[in-house]
Each structure stands twice: as structure tokens, then as C-alpha cells.
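Asks: Compact mmCIF, C-alpha atoms and all ligand atoms, file model-v9.txt:
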# COMPACT_ATOMS: atom_id res chain seq x y z
CA MET A 298 194.93 129.35 179.95
CA THR A 299 191.95 130.61 177.93
CA SER A 300 191.04 128.53 174.90
CA PRO A 301 191.97 129.85 171.46
CA LYS A 302 189.36 131.96 169.74
CA HIS A 303 188.67 131.89 166.00
CA VAL A 304 189.25 135.49 164.92
CA GLY A 305 189.40 135.36 161.18
CA SER A 306 189.25 133.44 157.99
CA GLY A 307 191.37 134.62 155.06
CA LYS A 308 191.34 133.27 151.54
CA VAL A 309 193.87 130.63 152.60
CA ARG A 310 194.35 130.80 156.40
CA GLU A 311 192.25 130.34 159.53
CA LEU A 312 193.32 132.65 162.36
CA PHE A 313 192.98 131.89 166.05
CA GLN A 314 193.90 134.20 168.88
CA VAL A 315 195.88 132.42 171.62
CA GLU A 316 196.07 134.17 174.99
CA THR A 317 196.26 137.93 174.40
CA ASP A 318 199.26 138.45 172.18
CA ARG A 319 199.65 135.33 170.10
CA LEU A 320 198.06 134.14 166.89
CA LEU A 321 197.78 130.68 165.39
CA LEU A 322 197.92 130.78 161.59
CA VAL A 323 196.56 127.59 160.00
CA ALA A 324 197.25 127.39 156.25
CA SER A 325 194.61 125.34 154.45
CA ASP A 326 195.06 123.66 151.06
CA ARG A 327 192.68 126.21 149.52
CA ILE A 328 193.93 128.00 146.44
CA SER A 329 192.76 131.35 145.19
CA ALA A 330 193.34 132.93 141.80
CA TYR A 331 192.31 136.43 140.77
CA ASP A 332 191.12 136.79 144.39
CA VAL A 333 188.54 134.00 143.98
CA ILE A 334 188.82 130.74 145.96
CA LEU A 335 188.80 127.80 143.57
CA PRO A 336 186.57 124.77 144.21
CA GLN A 337 189.41 122.20 144.49
CA ALA A 338 192.08 121.99 147.21
CA ILE A 339 195.76 121.40 146.34
CA PRO A 340 197.11 118.51 148.49
CA ASP A 341 199.83 119.62 150.98
CA LYS A 342 199.78 123.21 149.71
CA GLY A 343 199.23 124.61 153.22
CA LYS A 344 202.24 122.66 154.50
CA VAL A 345 204.43 123.94 151.68
CA LEU A 346 203.41 127.53 152.49
CA THR A 347 204.07 127.13 156.22
CA GLY A 348 207.32 125.21 155.68
CA LEU A 349 208.69 127.81 153.28
CA THR A 350 207.63 130.66 155.56
CA ALA A 351 209.42 129.01 158.50
CA HIS A 352 212.52 128.55 156.32
CA TRP A 353 212.62 132.19 155.21
CA LEU A 354 211.82 133.59 158.66
CA GLU A 355 214.88 131.80 159.98
CA PHE A 356 216.94 132.95 156.97
CA THR A 357 215.94 136.61 157.47
CA ALA A 358 215.96 136.75 161.28
CA GLY A 359 219.27 138.64 161.22
CA ILE A 360 217.81 141.31 158.93
CA CYS A 361 214.61 142.14 160.79
CA PRO A 362 212.49 140.89 163.69
CA ASN A 363 209.50 138.71 162.81
CA HIS A 364 206.41 137.06 164.28
CA PHE A 365 207.67 133.46 164.45
CA LEU A 366 207.19 131.52 167.70
CA SER A 367 206.88 127.83 166.77
CA VAL A 368 205.76 125.23 164.24
CA ARG A 369 206.30 122.24 166.55
CA ALA A 370 203.28 120.01 167.17
CA ALA A 371 203.92 120.08 170.95
CA ASP A 372 203.48 123.88 171.02
CA LEU A 373 200.21 124.02 169.05
CA PRO A 374 196.95 124.36 170.98
CA ASP A 375 193.98 122.26 169.91
CA VAL A 376 191.64 124.36 167.80
CA GLY A 377 189.41 121.58 166.51
CA ILE A 378 191.15 121.29 163.13
CA GLU A 379 192.67 117.97 162.06
CA ASP A 380 196.16 117.65 160.63
CA LEU A 381 197.53 120.84 162.23
CA PRO A 382 201.28 120.04 162.38
CA GLY A 383 203.14 121.34 159.33
CA ARG A 384 200.42 123.72 158.21
CA THR A 385 200.35 125.76 161.40
CA MET A 386 202.51 128.52 162.84
CA LEU A 387 202.22 130.02 166.30
CA CYS A 388 203.05 133.72 165.96
CA LEU A 389 203.22 136.99 167.83
CA ARG A 390 200.05 138.92 167.15
CA ALA A 391 200.89 142.28 165.56
CA GLU A 392 198.86 145.21 164.38
CA PRO A 393 199.12 144.73 160.59
CA ILE A 394 200.26 147.76 158.56
CA PRO A 395 197.60 148.07 155.84
CA VAL A 396 200.09 148.18 152.96
CA GLU A 397 201.42 145.30 150.88
CA PHE A 398 205.18 145.71 150.45
CA VAL A 399 205.69 144.38 146.93
CA VAL A 400 209.30 144.11 145.77
CA ARG A 401 210.06 143.55 142.10
CA GLY A 402 213.39 142.47 140.69
CA TYR A 403 211.99 141.66 137.25
CA LEU A 404 209.32 143.16 135.00
CA SER A 405 206.17 141.03 135.10
CA GLY A 406 202.44 141.05 135.82
CA SER A 407 200.91 144.44 136.65
CA GLY A 408 204.40 146.01 136.64
CA TRP A 409 204.94 144.99 133.01
CA LYS A 410 201.46 146.27 132.08
CA GLU A 411 202.08 149.64 133.69
CA TYR A 412 205.56 149.95 132.15
CA GLN A 413 204.16 149.33 128.67
CA ALA A 414 201.57 152.07 129.18
CA THR A 415 203.70 154.70 130.93
CA GLY A 416 207.39 153.66 131.04
CA MET A 417 207.10 153.75 134.84
CA VAL A 418 206.09 151.34 137.61
CA CYS A 419 204.37 152.83 140.67
CA GLY A 420 206.26 156.10 140.32
CA HIS A 421 209.66 154.50 139.54
CA GLU A 422 211.26 155.75 136.33
CA LEU A 423 212.76 152.76 134.51
CA PRO A 424 215.15 152.58 131.56
CA SER A 425 213.42 152.57 128.17
CA GLY A 426 213.38 149.50 125.94
CA LEU A 427 212.84 146.87 128.63
CA VAL A 428 211.01 143.72 127.54
CA GLU A 429 208.64 141.45 129.47
CA SER A 430 210.42 139.53 132.30
CA ASP A 431 213.58 141.67 132.04
CA ARG A 432 215.68 141.99 135.15
CA LEU A 433 215.46 145.51 136.63
CA PRO A 434 218.67 147.47 137.29
CA GLU A 435 217.75 147.43 141.02
CA PRO A 436 214.87 145.84 142.92
CA ILE A 437 212.05 148.37 143.37
CA LEU A 438 209.32 148.69 145.96
CA THR A 439 205.84 148.97 144.44
CA PRO A 440 203.39 149.12 147.34
CA ALA A 441 199.73 148.18 147.07
CA THR A 442 196.73 148.76 149.26
CA LYS A 443 195.63 145.79 151.32
CA ALA A 444 192.04 145.70 150.15
CA THR A 445 189.67 144.15 152.69
CA SER A 446 187.46 143.19 149.78
CA GLY A 447 188.12 143.09 146.08
CA HIS A 448 191.46 143.56 144.37
CA ASP A 449 194.60 145.17 145.73
CA GLU A 450 195.53 148.40 144.02
CA ASN A 451 199.03 149.70 143.25
CA ILE A 452 199.88 152.99 144.94
CA THR A 453 202.94 155.25 144.96
CA GLU A 454 205.51 155.15 147.73
CA GLU A 455 204.30 158.60 148.85
CA GLN A 456 200.76 157.27 149.23
CA ALA A 457 202.02 154.21 151.11
CA ALA A 458 204.05 156.41 153.47
CA GLY A 459 200.89 158.43 154.07
CA ILE A 460 199.00 155.28 155.10
CA ALA A 461 201.73 153.63 157.20
CA GLY A 462 203.36 156.78 158.60
CA ALA A 463 206.66 157.96 157.15
CA SER A 464 209.06 156.41 159.66
CA VAL A 465 207.26 153.05 159.75
CA TYR A 466 207.11 152.99 155.96
CA ASP A 467 210.79 153.82 155.72
CA LYS A 468 211.79 151.06 158.08
CA ALA A 469 209.57 148.40 156.52
CA SER A 470 210.59 149.28 152.98
CA THR A 471 214.30 149.13 153.85
CA TYR A 472 213.70 145.68 155.41
CA ALA A 473 211.68 144.55 152.37
CA ILE A 474 214.40 145.43 149.86
CA GLU A 475 217.15 143.81 151.93
CA ILE A 476 215.15 140.63 152.53
CA TYR A 477 214.28 140.36 148.85
CA SER A 478 217.87 140.95 147.74
CA LYS A 479 219.38 138.34 150.08
CA ALA A 480 216.65 135.76 149.49
CA ALA A 481 216.75 136.23 145.71
CA ALA A 482 220.54 135.69 145.71
CA ALA A 483 220.15 132.51 147.80
CA ALA A 484 217.32 131.22 145.58
CA LEU A 485 219.34 131.84 142.42
CA GLU A 486 221.99 129.47 143.77
CA LYS A 487 219.23 126.85 143.89
CA GLY A 488 218.23 127.61 140.29
CA ILE A 489 215.14 129.69 141.13
CA ILE A 490 214.56 133.32 140.18
CA ILE A 491 212.36 135.21 142.62
CA ALA A 492 210.89 137.67 140.14
CA ASP A 493 208.81 139.53 142.69
CA THR A 494 207.20 139.03 146.07
CA LYS A 495 204.93 140.63 148.62
CA PHE A 496 205.72 141.18 152.30
CA GLU A 497 203.49 142.26 155.16
CA PHE A 498 204.71 144.03 158.26
CA GLY A 499 203.04 144.77 161.57
CA LEU A 500 203.68 146.71 164.74
CA HIS A 501 204.46 144.79 167.91
CA ASP A 502 205.55 146.58 171.11
CA GLY A 503 206.38 149.61 168.98
CA ASP A 504 208.66 147.63 166.62
CA VAL A 505 208.13 146.97 162.92
CA ILE A 506 208.13 143.18 162.50
CA LEU A 507 207.74 140.89 159.48
CA ILE A 508 204.43 138.98 159.61
CA ASP A 509 202.23 136.73 157.46
CA GLU A 510 203.64 134.31 154.85
CA VAL A 511 207.12 134.97 153.49
CA LEU A 512 208.50 134.19 150.02
CA THR A 513 206.03 131.43 149.20
CA PRO A 514 204.62 130.50 145.78
CA ASP A 515 201.39 132.27 146.82
CA SER A 516 203.13 135.55 147.61
CA SER A 517 205.85 135.44 144.93
CA ARG A 518 206.68 134.68 141.32
CA PHE A 519 209.23 131.84 141.18
CA TRP A 520 210.81 131.06 137.80
CA PRO A 521 213.15 128.18 136.94
CA GLU A 522 216.45 129.88 136.11
CA ASN A 523 217.43 127.37 133.43
CA ARG A 524 214.39 128.30 131.34
CA TYR A 525 214.59 132.06 131.84
CA GLU A 526 214.29 134.01 128.62
CA PRO A 527 213.29 137.70 128.66
CA GLY A 528 210.79 138.87 126.05
CA ARG A 529 207.95 136.55 127.08
CA GLY A 530 206.08 135.25 130.14
CA GLN A 531 208.06 132.59 132.08
CA PRO A 532 207.20 129.06 133.15
CA SER A 533 206.84 129.12 136.93
CA PHE A 534 206.55 127.25 140.23
CA ASP A 535 203.75 129.45 141.44
CA LYS A 536 200.09 129.63 140.65
CA GLN A 537 200.70 131.24 137.28
CA TYR A 538 200.22 127.70 135.99
CA VAL A 539 196.68 127.63 137.44
CA ARG A 540 195.97 131.17 136.23
CA ASP A 541 197.06 130.17 132.72
CA TRP A 542 194.81 127.11 132.79
CA LEU A 543 191.87 129.22 134.06
CA ASP A 544 192.47 131.76 131.30
CA SER A 545 192.50 128.99 128.69
CA THR A 546 188.89 128.19 129.71
CA GLY A 547 187.77 131.77 128.97
CA TRP A 548 186.66 132.32 132.60
CA ASP A 549 186.07 136.05 133.25
CA HIS A 550 187.42 136.00 136.87
CA SER A 551 184.03 136.55 138.48
CA PRO A 552 182.54 133.78 140.65
CA PRO A 553 181.78 130.96 140.23
CA PRO A 554 185.18 129.71 139.02
CA PRO A 555 185.45 126.53 136.92
CA ASP A 556 186.35 123.12 138.47
CA LEU A 557 190.03 122.23 138.20
CA PRO A 558 190.58 118.87 136.48
CA ASP A 559 192.61 116.24 138.42
CA ASP A 560 195.68 116.62 136.23
CA VAL A 561 195.78 120.39 136.87
CA VAL A 562 195.40 119.77 140.64
CA ASP A 563 198.23 117.18 140.58
CA ALA A 564 200.56 119.31 138.48
CA THR A 565 199.95 122.27 140.78
CA ALA A 566 200.62 120.18 143.92
CA GLY A 567 203.86 118.98 142.30
CA ARG A 568 204.99 122.53 141.57
CA TYR A 569 204.36 123.68 145.15
CA ARG A 570 206.25 120.71 146.59
CA GLU A 571 209.14 121.19 144.17
CA ALA A 572 209.38 124.87 145.10
CA TYR A 573 209.74 123.86 148.79
CA GLU A 574 212.30 121.19 148.08
CA ARG A 575 214.46 123.26 145.74
CA LEU A 576 214.46 126.41 147.88
CA THR A 577 215.13 124.70 151.21
CA GLY A 578 217.29 121.88 149.87
CA ARG A 579 215.31 119.33 151.90
CA ALA A 580 212.43 116.91 151.41
CA LEU A 581 209.01 118.18 152.53
CA ASP A 582 208.27 114.84 154.23
CA GLY A 583 211.47 115.09 156.30
CA TRP A 584 210.48 118.52 157.58
CA LEU A 585 206.93 117.31 158.31
CA GLN A 586 208.29 114.42 160.38
CA GLU A 587 210.55 116.78 162.30
CA VAL A 588 207.79 119.24 163.26
CA SER A 589 205.26 116.49 164.04
CA ALA A 590 207.54 114.64 166.48
N1 LIG A 601 201.53 138.16 163.14
C1 LIG A 601 200.35 138.58 162.66
N2 LIG A 601 199.57 139.41 163.39
C2 LIG A 601 198.38 139.84 162.92
N3 LIG A 601 197.86 139.49 161.72
C3 LIG A 601 198.58 138.67 160.95
C4 LIG A 601 199.86 138.19 161.37
N4 LIG A 601 200.35 137.39 160.38
C5 LIG A 601 199.42 137.39 159.40
N5 LIG A 601 198.35 138.16 159.73
C6 LIG A 601 197.14 138.36 158.92
O1 LIG A 601 196.51 137.08 158.79
C7 LIG A 601 195.86 136.95 157.54
C8 LIG A 601 196.36 135.67 156.86
O2 LIG A 601 195.34 134.98 156.23
P1 LIG A 601 195.24 134.83 154.63
O3 LIG A 601 194.33 133.69 154.35
O4 LIG A 601 196.61 134.80 154.03
O5 LIG A 601 194.52 136.20 154.34
P2 LIG A 601 194.33 137.03 152.97
O6 LIG A 601 193.14 136.47 152.29
O7 LIG A 601 194.11 138.41 153.50
O8 LIG A 601 195.62 136.89 152.20
C9 LIG A 601 196.19 138.22 156.76
O9 LIG A 601 195.09 139.11 156.84
C10 LIG A 601 197.40 138.80 157.50
O10 LIG A 601 197.45 140.21 157.41
MG MG A 602 197.44 136.10 152.54
I need this file expressed as C-alpha cells, please.
Replies:
Amino acid sequence: MTSPKHVGSGKVRELFQVETDRLLLVASDRISAYDVILPQAIPDKGKVLTGLTAHWLEFTAGICPNHFLSVRAADLPDVGIEDLPGRTMLCLRAEPIPVEFVVRGYLSGSGWKEYQATGMVCGHELPSGLVESDRLPEPILTPATKATSGHDENITEEQAAGIAGASVYDKASTYAIEIYSKAAAAALEKGIIIADTKFEFGLHDGDVILIDEVLTPDSSRFWPENRYEPGRGQPSFDKQYVRDWLDSTGWDHSPPPPDLPDDVVDATAGRYREAYERLTGRALDGWLQEVSA
């Protein structure tokens, strides 16, 4: 067995290649906002992201194939990082499709901005008179480029199909809408609205498979259902809280970012943990014990 090789470092994850066709994804506690990594780490954030991804990959396995192999400590090779169990997933290595498959069920963020300007979102005609955070008649796919540097950019479905290839795009987008619809219905039963989310797909042995993180607070907007009120921005379990705090400082989103005070770090850690516990219906510590055994 050849030893794992460090092959990449994302904003949040360290990537190691294991043998030829496997990848070890190690989610750190780093947090990024506006595509800038913030100076403070959020305790247990990486474990929440990996735990939620494992939960949703199991939930969606009947809809589409995915990259999951294991999160169990016994299956993880040593890569010289402490505290691997819980934050680490052993995966099939795929060739990533360079499109972000964003699904929106509600009008928020860049979708809301575009709708106000044009009445459309990424080429989708929407009813007139919608307000911020309104539920859309149907979930829509609003693809974005996967920028290797800088900010992702919204593109039309035609452009995305041009990048991914029409049949691959068709397959992945059908999966994305079905996964979103089923997961959003399940989350709503737990009192959480999944307003929108981003999926990544890759090619493995000629198949389109779901890769990367899935339906986490980093890749999604999660809103508490009992406080949902269209016509304004919503309180959330995701990093909107951190973005709002950053905006209150007047930071212009170019590095260096400001230091996060302890109370903002703690409140953010609490929101991530609560998102895990509400969506999965189990305690994070219980899951951590199970995968570490
Ligand atoms: N199964 C997989 N095969 C190949 N690449 C993957 C797989 N799962 C995730 N990735 C890639 O690993 C990286 C995850 O690291 P992350 O820190 O989230 O990066 P980013 O800053 O691009 O969001 C992403 O570039 C993602 O496309
Ligand atoms: Mg990522």
C-alpha cells in the first residue's frame, strides 16, 4: 500500500489521494465568508460538515450513486493530522464536473438580487410580485461556474450544459432537483427550511456520482421554520450569521478580514451543532463516539 499523498487544500478541506482511486477529505474547522478564510476557527465545525454529509449521502443513496466509502476511524489512513475521526471521509475519487449545481426553493441571496433587477433568475422566468425569501412555485436549478480563484459566477443552464456536456448536465441536474426536493421535505419535518443548496457531481467509471459536501450549513441556507416570514432576510443556522456580523463591521470583503470576537465564534459553533442535531435527530457527540470506536 502506497502512503497517502496530499493533493490539495481547499478553503475548508485538505485532500489526500489514497491508492489510485480514493480520496480522503479532511474537513477543518476553518470558516470562509465571501470566499475569504477568516482568522478564527469554529470548534467542531469540520465534524458537523462531515457528519451531515454522511447523513445525507445515506439518505440520498437510493436517488443517485455517490462517493462515500467510510467515516470509521479504523478505515482512515494516517495522514499526519490529529483528530481525524469525525471530520474525515474516505471517498471514491471522481473527475469533478466544473459546474456548481445550485438548487433554489426560495428567493434569497444572489437569486433575490437578480430577480429584483430582471424578474428572472439564471434564465428562469418567475411569477411577478415575489418578495424576498418567498417560496418558489417549483425548485429551480441555477448553475454557477466553479471558479478556481475568485468568486463563483451564475450562468444559464445552456451555458452549464455546454461546460458539462448535455447528457451529463441533464443527469446531474435531474439528480440535484430530486435530492433537494426529498431532503427539503425531510428537513421541514424537523422544523428547518432548506432555502437553497449547492451540489457537486463528478464522473467515476463513466457514471455521474454525487461528490463533495452535501446539504451542510456551508453549502446551503438553513432557516428555522418557526421564524419564517417572507418579505425580509431570515434568521439562519448557516454562516449568514457570520456574514451579517462581518457586514456590521463595514469590512469590504477584501483580505485581511477582521478577527471574530469569542461570542461570535461560540454562537456560530452553536448554530452548526444545532443544525446537525436537528437535521439528523441525534446528538453530535453520539455520532462522534460511534465513528471513533
Ligand atoms: N469524490 C471527489 N473526487 C474528486 N474531488 C472531490 C471529491 N469530493 C470533493 N472533491 C473536491 O474537493 C474539494 C473540497 O475541498 P473544499 O475545501 O471544500 O474546496 P473549495 O474551497 O473548492 O470549496 C473541492 O474542490 C471538491 O470539488
Ligand atoms: Mg467546498
Asks: Using all atoms listed in the file, which residue out of A:Arg319, A:Lys495, A:Lys342, A:His303 lies closest to ligand MG 602 (chain A)?
Replies: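 Checking each of A:Arg319, A:Lys495, A:Lys342, A:His303 against ligand MG 602 (chain A), counting all atoms listed in the file, the winner is A:Lys495.
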Asks: What's around Glu355 of chain A at 12 Å? Count only C-alpha atoms, leave out sequence neighbours fewer than 3 positions away in its own chain, and write the answer as a ChimeraX atom specification.
Replies: /A:348-352,358-367,476,480,507,511,577
Asks: Once you count all atoms listed in the file, what closest atom pair and distance in Å to one decimal does each residue of chain A within 6 Å of ligand LIG 601 (chain A) have, with rows by chain and rising residue number, as a tab-separated table?
Replies:
residue	atom	partner	partner_atom	distance
A:Gly307	CA	A:LIG601	O3	3.2
A:Lys308	CA	A:LIG601	O6	3.7
A:Val309	CA	A:LIG601	O3	3.6
A:Arg310	CA	A:LIG601	O3	3.5
A:His364	CA	A:LIG601	N1	5.1
A:Cys388	CA	A:LIG601	N1	5.5
A:Leu389	CA	A:LIG601	N1	5.1
A:Arg390	CA	A:LIG601	N2	3.8
A:Ala391	CA	A:LIG601	N2	3.8
A:Glu392	CA	A:LIG601	C2	5.6
A:Pro393	CA	A:LIG601	C2	5.5
A:Ile508	CA	A:LIG601	N4	4.4
A:Asp509	CA	A:LIG601	C5	3.5
Asks: Write out as a PyMOL selection string each polymer residue (protein, DNA or RNA) that has an atom no more than 12 Å from ligand MG 602 (chain A), with only C-alpha atoms and all ligand atoms counted.
Replies: chain A and resi 305-312+322-325+327-330+332+343+346-347+350+393+397+443-445+449+495-497+508-517
Asks: Go ahead and write the residues just picked, C-alpha atoms, as a PDB file, keeping the file's coordinate frame.
Replies:
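Resulting contents of again.pdb:
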ATOM      1  CA  GLY A 305     189.400 135.360 161.180  1.00  0.00           C
ATOM      2  CA  SER A 306     189.250 133.440 157.990  1.00  0.00           C
ATOM      3  CA  GLY A 307     191.370 134.620 155.060  1.00  0.00           C
ATOM      4  CA  LYS A 308     191.340 133.270 151.540  1.00  0.00           C
ATOM      5  CA  VAL A 309     193.870 130.630 152.600  1.00  0.00           C
ATOM      6  CA  ARG A 310     194.350 130.800 156.400  1.00  0.00           C
ATOM      7  CA  GLU A 311     192.250 130.340 159.530  1.00  0.00           C
ATOM      8  CA  LEU A 312     193.320 132.650 162.360  1.00  0.00           C
ATOM      9  CA  LEU A 322     197.920 130.780 161.590  1.00  0.00           C
ATOM     10  CA  VAL A 323     196.560 127.590 160.000  1.00  0.00           C
ATOM     11  CA  ALA A 324     197.250 127.390 156.250  1.00  0.00           C
ATOM     12  CA  SER A 325     194.610 125.340 154.450  1.00  0.00           C
ATOM     13  CA  ARG A 327     192.680 126.210 149.520  1.00  0.00           C
ATOM     14  CA  ILE A 328     193.930 128.000 146.440  1.00  0.00           C
ATOM     15  CA  SER A 329     192.760 131.350 145.190  1.00  0.00           C
ATOM     16  CA  ALA A 330     193.340 132.930 141.800  1.00  0.00           C
ATOM     17  CA  ASP A 332     191.120 136.790 144.390  1.00  0.00           C
ATOM     18  CA  GLY A 343     199.230 124.610 153.220  1.00  0.00           C
ATOM     19  CA  LEU A 346     203.410 127.530 152.490  1.00  0.00           C
ATOM     20  CA  THR A 347     204.070 127.130 156.220  1.00  0.00           C
ATOM     21  CA  THR A 350     207.630 130.660 155.560  1.00  0.00           C
ATOM     22  CA  PRO A 393     199.120 144.730 160.590  1.00  0.00           C
ATOM     23  CA  GLU A 397     201.420 145.300 150.880  1.00  0.00           C
ATOM     24  CA  LYS A 443     195.630 145.790 151.320  1.00  0.00           C
ATOM     25  CA  ALA A 444     192.040 145.700 150.150  1.00  0.00           C
ATOM     26  CA  THR A 445     189.670 144.150 152.690  1.00  0.00           C
ATOM     27  CA  ASP A 449     194.600 145.170 145.730  1.00  0.00           C
ATOM     28  CA  LYS A 495     204.930 140.630 148.620  1.00  0.00           C
ATOM     29  CA  PHE A 496     205.720 141.180 152.300  1.00  0.00           C
ATOM     30  CA  GLU A 497     203.490 142.260 155.160  1.00  0.00           C
ATOM     31  CA  ILE A 508     204.430 138.980 159.610  1.00  0.00           C
ATOM     32  CA  ASP A 509     202.230 136.730 157.460  1.00  0.00           C
ATOM     33  CA  GLU A 510     203.640 134.310 154.850  1.00  0.00           C
ATOM     34  CA  VAL A 511     207.120 134.970 153.490  1.00  0.00           C
ATOM     35  CA  LEU A 512     208.500 134.190 150.020  1.00  0.00           C
ATOM     36  CA  THR A 513     206.030 131.430 149.200  1.00  0.00           C
ATOM     37  CA  PRO A 514     204.620 130.500 145.780  1.00  0.00           C
ATOM     38  CA  ASP A 515     201.390 132.270 146.820  1.00  0.00           C
ATOM     39  CA  SER A 516     203.130 135.550 147.610  1.00  0.00           C
ATOM     40  CA  SER A 517     205.850 135.440 144.930  1.00  0.00           C
TER      41      SER A 517
END
Asks: Mind pulling up the distance from atom CA of Tyr538 of chain A to atom CA of Asp560 of chain A?
Replies: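 Distance between the two atoms: 12.0 Å.
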Asks: Go through A:Met417, A:Ala441, A:Trp353, A:Gly383 and flag the residue nearest Ala484 of chain A, using all atoms listed in the file for the distances.
Replies: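 Using all atoms listed in the file, Ala484 of chain A sits closest to A:Trp353.
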Asks: Around (179.9, 135.2, 142.8) in the file's own coordinates, what residues are found within 12 Å if you use all atoms listed in the file, given back as a PyMOL selection string?
Replies: chain A and resi 332-335+447+549-555
Asks: Could you please determine the separation between atom CA of Leu557 of chain A and atom CA of Asp380 of chain A in Å, to one decimal place?
Replies: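 Computed distance, atom CA of Leu557 of chain A to atom CA of Asp380 of chain A, equals 23.7 Å.
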Asks: How many Å separate atom CA of Ser405 of chain A from atom CA of Ser430 of chain A?
Replies: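 Computing the Euclidean distance for atom CA of Ser405 of chain A and atom CA of Ser430 of chain A yields 5.3 Å.
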Asks: Rank nothing, just name the residue among A:Glu475, A:Glu526, A:Asp372, A:Asp582 nearest to Met386 of chain A, using all atoms listed in the file.
Replies: A:Asp372
Asks: Once you count only C-alpha atoms, which residues end up no further than 12 Å from (219.8, 132.3, 147.2) in the file's frame, shown as a PyMOL selection string?
Replies: chain A and resi 353+356-357+476-491+512+522+575-578
Asks: In terms of the shortest atom-to-atom distance over all atoms listed in the file, which of A:Pro382, A:Pro434, A:Gly420, A:Gly499 is closest to Ile452 of chain A?
Replies: A:Gly420
Asks: Emit as AutoDock Vina command-line options the padded axis-aligned box for all listed atoms of segment 307-315 of chain A, 4 Å per side, with centre and edge lengths in Å to one decimal.
Replies:
--center_x 193.6 --center_y 132.5 --center_z 161.6 --size_x 12.5 --size_y 12.3 --size_z 28.1
